[in-house]
>>> print(open('my_file_33.txt').read())   # compact mmCIF, C-alpha atoms
# COMPACT_ATOMS: atom_id res chain seq x y z
CA MET Q 510 0.00 0.00 0.00
CA HIS Q 511 1.26 3.46 -0.88
CA LYS Q 512 1.35 6.07 1.85
CA SER Q 513 1.29 9.79 1.06
CA VAL Q 514 1.85 12.98 3.02
CA GLY Q 515 0.61 16.47 2.31
CA ALA Q 516 1.48 19.84 3.83
CA ILE Q 517 -0.83 22.80 4.28
CA ILE Q 518 1.49 25.77 4.77
CA LYS Q 519 0.06 29.24 5.43
CA ASN Q 520 1.94 32.52 5.52
CA LYS Q 521 1.26 35.39 7.92
CA GLU Q 522 -1.42 36.75 5.58
CA GLY Q 523 -3.25 33.40 5.62
CA SER Q 524 -2.42 32.47 2.02
CA ILE Q 525 -1.70 28.80 1.29
CA LEU Q 526 1.49 27.69 -0.47
CA MET Q 527 0.46 25.69 -3.53
CA ILE Q 528 2.09 24.10 -6.55
CA ASP Q 529 0.84 23.38 -10.05
CA ARG Q 530 2.08 19.85 -10.74
CA SER Q 531 4.05 18.93 -13.86
CA PHE Q 532 3.18 15.22 -13.47
CA PHE Q 533 0.00 13.21 -12.93
CA PRO Q 534 -2.11 13.80 -10.96
CA PHE Q 535 -2.29 17.24 -12.56
CA GLY Q 536 -3.69 20.33 -10.93
CA TRP Q 537 -2.95 22.69 -8.09
CA ALA Q 538 -2.09 21.03 -4.81
CA CYS Q 539 -0.24 21.56 -1.60
CA PRO Q 540 3.25 20.07 -1.35
CA ALA Q 541 2.88 16.30 -1.10
CA GLY Q 542 4.43 12.98 -1.97
CA HIS Q 543 4.98 9.36 -1.09
CA VAL Q 544 6.27 8.02 2.19
CA ASP Q 545 9.30 5.80 1.50
CA GLU Q 546 9.36 2.21 2.81
CA GLY Q 547 10.17 2.29 6.53
CA GLU Q 548 9.98 6.10 6.70
CA MET Q 549 7.87 7.86 9.34
CA PRO Q 550 5.20 10.19 7.89
CA GLU Q 551 6.64 13.24 9.70
CA LYS Q 552 10.07 12.60 8.17
CA ALA Q 553 8.49 12.14 4.71
CA LEU Q 554 6.61 15.41 5.21
CA ALA Q 555 9.81 17.33 5.92
CA ARG Q 556 11.58 15.67 2.95
CA GLU Q 557 8.75 16.34 0.47
CA VAL Q 558 8.30 19.95 1.59
CA LYS Q 559 12.04 20.54 1.19
CA GLU Q 560 12.10 18.88 -2.25
CA GLU Q 561 9.07 20.75 -3.59
CA THR Q 562 9.38 24.17 -1.92
CA ASN Q 563 12.86 24.48 -0.37
CA LEU Q 564 11.24 25.20 3.03
CA ASN Q 565 12.27 23.47 6.26
CA VAL Q 566 9.44 22.07 8.38
CA LYS Q 567 10.05 22.77 12.05
CA LYS Q 568 6.66 21.89 13.57
CA GLN Q 569 3.54 20.20 12.20
CA LYS Q 570 0.12 18.99 13.31
CA LEU Q 571 -1.72 16.01 11.82
CA LEU Q 572 -5.12 17.11 10.47
CA ILE Q 573 -6.27 14.05 8.51
CA HIS Q 574 -5.24 10.39 8.33
CA GLU Q 575 -7.40 8.49 5.87
CA PHE Q 576 -7.18 5.79 3.21
CA VAL Q 577 -8.45 7.14 -0.13
CA GLU Q 578 -9.35 4.18 -2.32
CA TRP Q 579 -9.80 6.10 -5.60
CA ASN Q 580 -6.61 8.22 -5.35
CA GLU Q 581 -4.13 7.36 -8.13
CA CYS Q 582 -0.52 8.40 -8.54
CA VAL Q 583 2.03 8.70 -11.33
CA LYS Q 584 3.22 5.16 -10.49
CA GLY Q 585 -0.19 3.78 -11.49
CA VAL Q 586 -1.13 2.74 -7.96
CA ARG Q 587 -4.74 3.20 -6.94
CA GLY Q 588 -5.43 3.80 -3.24
CA HIS Q 589 -3.26 5.80 -0.85
CA ASP Q 590 -3.07 6.04 2.91
CA TRP Q 591 -2.92 9.82 3.40
CA TYR Q 592 -1.45 11.90 6.22
CA VAL Q 593 -2.34 15.58 5.80
CA TYR Q 594 -0.54 18.01 8.09
CA GLN Q 595 -0.72 21.68 8.84
CA VAL Q 596 2.80 23.04 9.03
CA LEU Q 597 2.83 25.28 12.10
CA ASP Q 598 6.42 26.47 11.92
CA TRP Q 599 8.85 26.60 9.00
CA ASP Q 600 11.77 28.58 7.70
CA GLY Q 601 13.61 29.19 4.44
CA GLU Q 602 12.82 30.86 1.14
CA ILE Q 603 10.51 29.18 -1.36
CA SER Q 604 11.89 28.15 -4.71
CA GLN Q 605 10.33 26.21 -7.56
CA ASN Q 606 11.38 22.64 -8.28
CA GLU Q 607 11.19 23.02 -12.06
CA ARG Q 608 11.23 19.27 -12.65
CA GLU Q 609 8.11 18.65 -10.55
CA GLU Q 610 6.10 21.86 -10.81
CA LYS Q 611 4.97 24.36 -13.40
CA ASN Q 612 4.40 27.00 -10.74
CA ILE Q 613 4.57 27.61 -7.00
CA LYS Q 614 2.92 30.50 -5.21
CA TRP Q 615 1.01 31.73 -2.21
CA ILE Q 616 -2.71 31.56 -2.97
CA PRO Q 617 -5.10 33.73 -0.93
CA ILE Q 618 -7.55 31.40 0.79
CA ASN Q 619 -10.56 33.02 -0.93
CA GLU Q 620 -9.03 32.21 -4.36
CA VAL Q 621 -8.33 28.49 -3.75
CA SER Q 622 -11.79 27.46 -4.98
CA GLU Q 623 -11.11 29.15 -8.35
CA LEU Q 624 -8.13 26.87 -9.13
CA LYS Q 625 -8.19 23.59 -11.04
CA LEU Q 626 -7.35 21.51 -7.99
CA GLU Q 627 -5.92 18.02 -7.90
CA GLU Q 628 -8.92 15.85 -6.93
CA VAL Q 629 -7.61 14.62 -3.59
CA TRP Q 630 -6.80 18.20 -2.56
CA LYS Q 631 -10.31 19.27 -3.51
CA GLN Q 632 -11.52 16.62 -1.05
CA TRP Q 633 -9.18 17.77 1.74
CA PHE Q 634 -10.03 21.46 1.26
CA LYS Q 635 -13.76 20.70 1.41
CA ARG Q 636 -13.27 18.58 4.54
CA LEU Q 637 -11.25 21.38 6.19
CA LYS Q 638 -13.80 24.00 5.05
CA ILE Q 639 -11.19 25.90 3.01
CA ILE Q 640 -13.48 25.70 -0.03
>>> encode(input="my_file_33.txt", output="structure tokens")
Amino acid sequence: MHKSVGAIIKNKEGSILMIDRSFFPFGWACPAGHVDEGEMPEKALAREVKEETNLNVKKQKLLIHEFVEWNECVKGVRGHDWYVYQVLDWDGEISQNEREEKNIKWIPINEVSELKLEEVWKQWFKRLKII
């Protein structure tokens, strides 16, 4: 079974850091990725956030842990055990990982619903009442 982590990162203005993925599943999403075999979700979270944004996660809070049967990834696997965190403390300067993302930017919370969201992130944002 594939495990995935996702990071909701807000700046002082309340905007959410989002990326427009270059690979399937396409769409705008928060930084996210697979948990490696034997890796703890919190460690995977810090690794994925660093890889996709260049930020360093210092403190996080688990918001959602749920198996999503219909969620597919670029590796062709259907079904992921998701850990979605809110990053409470971070440092560093954001930079785009040009291999993985077409764009990275802070999205004001009232504009998130206007984006073409990756399906699983649409689900999380609805659950968290962001959209």
>>> closest_residue(input="my_file_33.txt", among="Q:Ile618, Q:Ile517, Q:Ala555, Q:Leu564", to="Gly601 (chain Q)", atoms="only C-alpha atoms")
Q:Leu564
>>> closest_residue(input="my_file_33.txt", among="Q:Gly536, Q:Gln595, Q:Gly585, Q:Lys559", to="Leu572 (chain Q)", atoms="only C-alpha atoms")
Q:Gln595
>>> residues_around(input="my_file_33.txt", residues="region 607-612 of chain Q", least_positions_apart="5", cutoff="7 Å", atoms="all atoms listed in the file", output="number ranges by chain")
Q: 528-532
>>> residues_around(input="my_file_33.txt", residues="Asn563 (chain Q)", least_positions_apart="6", cutoff="7 Å", atoms="only C-alpha atoms", output="PyMOL selection string")
chain Q and resi 601-604
>>> residues_around(input="my_file_33.txt", residues="region 621-632 of chain Q", least_positions_apart="5", cutoff="9 Å", atoms="only C-alpha atoms", output="PyMOL selection string")
chain Q and resi 525+529-530+534-539+577+580+616+637+639-640
>>> atom_distance(input="my_file_33.txt", atom1="CA of Asn565 (chain Q)", atom2="CA of Val544 (chain Q)")
17.1 Å
>>> closest_residue(input="my_file_33.txt", among="Q:Lys570, Q:Val583, Q:Glu575, Q:Trp591", to="Ile518 (chain Q)", atoms="only C-alpha atoms")
Q:Lys570
>>> closest_residue(input="my_file_33.txt", among="Q:Ala516, Q:Glu522, Q:Met527, Q:Trp599", to="Trp615 (chain Q)", atoms="only C-alpha atoms")
Q:Met527
>>> atom_distance(input="my_file_33.txt", atom1="CA of His589 (chain Q)", atom2="CA of Phe576 (chain Q)")
5.6 Å
>>> closest_residue(input="my_file_33.txt", among="Q:Gln569, Q:Gln605, Q:Asn520, Q:Asn619", to="Glu551 (chain Q)", atoms="all atoms listed in the file")
Q:Gln569
>>> decode(input="my_file_33.txt", residues="region 544-587 of chain Q", atoms="N, CA and C atoms", output="mmCIF file, in the first residue's frame")
data_model
loop_
_atom_site.group_PDB
_atom_site.id
_atom_site.type_symbol
_atom_site.label_atom_id
_atom_site.label_comp_id
_atom_site.auth_asym_id
_atom_site.auth_seq_id
_atom_site.Cartn_x
_atom_site.Cartn_y
_atom_site.Cartn_z
ATOM 1 N N VAL Q 544 5.459 8.407 1.047
ATOM 2 C CA VAL Q 544 6.274 8.022 2.192
ATOM 3 C C VAL Q 544 7.111 6.827 1.731
ATOM 4 N N ASP Q 545 8.420 6.908 1.884
ATOM 5 C CA ASP Q 545 9.296 5.801 1.497
ATOM 6 C C ASP Q 545 9.126 4.620 2.463
ATOM 7 N N GLU Q 546 9.436 3.421 1.992
ATOM 8 C CA GLU Q 546 9.360 2.215 2.807
ATOM 9 C C GLU Q 546 10.153 2.418 4.100
ATOM 10 N N GLY Q 547 9.515 2.177 5.234
ATOM 11 C CA GLY Q 547 10.171 2.287 6.532
ATOM 12 C C GLY Q 547 10.311 3.712 7.067
ATOM 13 N N GLU Q 548 9.854 4.696 6.302
ATOM 14 C CA GLU Q 548 9.980 6.100 6.700
ATOM 15 C C GLU Q 548 8.761 6.511 7.526
ATOM 16 N N MET Q 549 8.975 7.319 8.546
ATOM 17 C CA MET Q 549 7.868 7.860 9.336
ATOM 18 C C MET Q 549 7.208 8.988 8.549
ATOM 19 N N PRO Q 550 5.881 9.132 8.646
ATOM 20 C CA PRO Q 550 5.195 10.189 7.891
ATOM 21 C C PRO Q 550 5.757 11.591 8.159
ATOM 22 N N GLU Q 551 6.113 11.904 9.391
ATOM 23 C CA GLU Q 551 6.643 13.240 9.703
ATOM 24 C C GLU Q 551 7.964 13.497 8.984
ATOM 25 N N LYS Q 552 8.789 12.468 8.878
ATOM 26 C CA LYS Q 552 10.065 12.603 8.167
ATOM 27 C C LYS Q 552 9.817 12.779 6.666
ATOM 28 N N ALA Q 553 8.849 12.022 6.132
ATOM 29 C CA ALA Q 553 8.490 12.143 4.714
ATOM 30 C C ALA Q 553 7.940 13.538 4.431
ATOM 31 N N LEU Q 554 7.155 14.068 5.361
ATOM 32 C CA LEU Q 554 6.609 15.413 5.207
ATOM 33 C C LEU Q 554 7.736 16.433 5.059
ATOM 34 N N ALA Q 555 8.692 16.385 5.967
ATOM 35 C CA ALA Q 555 9.812 17.331 5.920
ATOM 36 C C ALA Q 555 10.603 17.173 4.619
ATOM 37 N N ARG Q 556 10.821 15.931 4.183
ATOM 38 C CA ARG Q 556 11.575 15.669 2.947
ATOM 39 C C ARG Q 556 10.825 16.207 1.728
ATOM 40 N N GLU Q 557 9.534 15.899 1.626
ATOM 41 C CA GLU Q 557 8.753 16.338 0.473
ATOM 42 C C GLU Q 557 8.629 17.858 0.421
ATOM 43 N N VAL Q 558 8.399 18.490 1.563
ATOM 44 C CA VAL Q 558 8.303 19.946 1.587
ATOM 45 C C VAL Q 558 9.617 20.565 1.135
ATOM 46 N N LYS Q 559 10.733 20.028 1.599
ATOM 47 C CA LYS Q 559 12.044 20.541 1.193
ATOM 48 C C LYS Q 559 12.240 20.365 -0.316
ATOM 49 N N GLU Q 560 11.925 19.168 -0.823
ATOM 50 C CA GLU Q 560 12.102 18.883 -2.252
ATOM 51 C C GLU Q 560 11.251 19.790 -3.133
ATOM 52 N N GLU Q 561 10.011 20.040 -2.728
ATOM 53 C CA GLU Q 561 9.072 20.753 -3.593
ATOM 54 C C GLU Q 561 9.040 22.265 -3.381
ATOM 55 N N THR Q 562 9.501 22.739 -2.214
ATOM 56 C CA THR Q 562 9.377 24.175 -1.918
ATOM 57 C C THR Q 562 10.673 24.827 -1.452
ATOM 58 N N ASN Q 563 11.610 24.030 -0.986
ATOM 59 C CA ASN Q 563 12.864 24.479 -0.373
ATOM 60 C C ASN Q 563 12.665 24.976 1.068
ATOM 61 N N LEU Q 564 11.481 24.796 1.644
ATOM 62 C CA LEU Q 564 11.242 25.197 3.026
ATOM 63 C C LEU Q 564 11.597 24.059 3.981
ATOM 64 N N ASN Q 565 11.948 24.427 5.198
ATOM 65 C CA ASN Q 565 12.272 23.473 6.259
ATOM 66 C C ASN Q 565 11.130 23.433 7.259
ATOM 67 N N VAL Q 566 10.525 22.247 7.414
ATOM 68 C CA VAL Q 566 9.439 22.072 8.378
ATOM 69 C C VAL Q 566 10.050 21.959 9.773
ATOM 70 N N LYS Q 567 9.556 22.801 10.682
ATOM 71 C CA LYS Q 567 10.051 22.775 12.051
ATOM 72 C C LYS Q 567 9.021 22.213 13.030
ATOM 73 N N LYS Q 568 7.731 22.387 12.701
ATOM 74 C CA LYS Q 568 6.664 21.890 13.568
ATOM 75 C C LYS Q 568 5.428 21.656 12.713
ATOM 76 N N GLN Q 569 4.730 20.543 12.965
ATOM 77 C CA GLN Q 569 3.538 20.203 12.204
ATOM 78 C C GLN Q 569 2.483 19.593 13.111
ATOM 79 N N LYS Q 570 1.245 19.581 12.590
ATOM 80 C CA LYS Q 570 0.117 18.990 13.313
ATOM 81 C C LYS Q 570 -0.674 18.148 12.318
ATOM 82 N N LEU Q 571 -0.936 16.898 12.679
ATOM 83 C CA LEU Q 571 -1.718 16.013 11.821
ATOM 84 C C LEU Q 571 -3.173 16.457 11.816
ATOM 85 N N LEU Q 572 -3.722 16.708 10.626
ATOM 86 C CA LEU Q 572 -5.118 17.110 10.474
ATOM 87 C C LEU Q 572 -6.002 15.950 10.022
ATOM 88 N N ILE Q 573 -5.483 15.137 9.103
ATOM 89 C CA ILE Q 573 -6.269 14.047 8.508
ATOM 90 C C ILE Q 573 -5.368 12.834 8.321
ATOM 91 N N HIS Q 574 -5.868 11.664 8.697
ATOM 92 C CA HIS Q 574 -5.238 10.391 8.334
ATOM 93 C C HIS Q 574 -6.367 9.514 7.808
ATOM 94 N N GLU Q 575 -6.297 9.210 6.510
ATOM 95 C CA GLU Q 575 -7.400 8.490 5.874
ATOM 96 C C GLU Q 575 -6.913 7.740 4.643
ATOM 97 N N PHE Q 576 -7.439 6.540 4.439
ATOM 98 C CA PHE Q 576 -7.177 5.792 3.212
ATOM 99 C C PHE Q 576 -8.151 6.272 2.145
ATOM 100 N N VAL Q 577 -7.616 6.664 0.984
ATOM 101 C CA VAL Q 577 -8.446 7.140 -0.128
ATOM 102 C C VAL Q 577 -8.323 6.117 -1.260
ATOM 103 N N GLU Q 578 -9.351 5.308 -1.389
ATOM 104 C CA GLU Q 578 -9.347 4.176 -2.322
ATOM 105 C C GLU Q 578 -9.176 4.588 -3.780
ATOM 106 N N TRP Q 579 -9.791 5.688 -4.191
ATOM 107 C CA TRP Q 579 -9.801 6.103 -5.603
ATOM 108 C C TRP Q 579 -8.574 6.926 -6.007
ATOM 109 N N ASN Q 580 -7.738 7.334 -5.059
ATOM 110 C CA ASN Q 580 -6.610 8.222 -5.350
ATOM 111 C C ASN Q 580 -5.493 7.477 -6.095
ATOM 112 N N GLU Q 581 -5.182 7.957 -7.306
ATOM 113 C CA GLU Q 581 -4.131 7.357 -8.133
ATOM 114 C C GLU Q 581 -2.907 8.248 -8.177
ATOM 115 N N CYS Q 582 -1.761 7.631 -8.437
ATOM 116 C CA CYS Q 582 -0.516 8.399 -8.539
ATOM 117 C C CYS Q 582 0.174 8.122 -9.871
ATOM 118 N N VAL Q 583 1.251 8.834 -10.097
ATOM 119 C CA VAL Q 583 2.026 8.703 -11.329
ATOM 120 C C VAL Q 583 2.565 7.283 -11.515
ATOM 121 N N LYS Q 584 2.702 6.536 -10.422
ATOM 122 C CA LYS Q 584 3.217 5.165 -10.495
ATOM 123 C C LYS Q 584 2.132 4.160 -10.862
ATOM 124 N N GLY Q 585 0.904 4.650 -11.078
ATOM 125 C CA GLY Q 585 -0.192 3.778 -11.490
ATOM 126 C C GLY Q 585 -0.866 3.045 -10.351
ATOM 127 N N VAL Q 586 -0.535 3.395 -9.129
ATOM 128 C CA VAL Q 586 -1.128 2.737 -7.963
ATOM 129 C C VAL Q 586 -2.426 3.451 -7.598
ATOM 130 N N ARG Q 587 -3.451 2.663 -7.345
ATOM 131 C CA ARG Q 587 -4.744 3.200 -6.940
ATOM 132 C C ARG Q 587 -4.927 2.898 -5.456
#
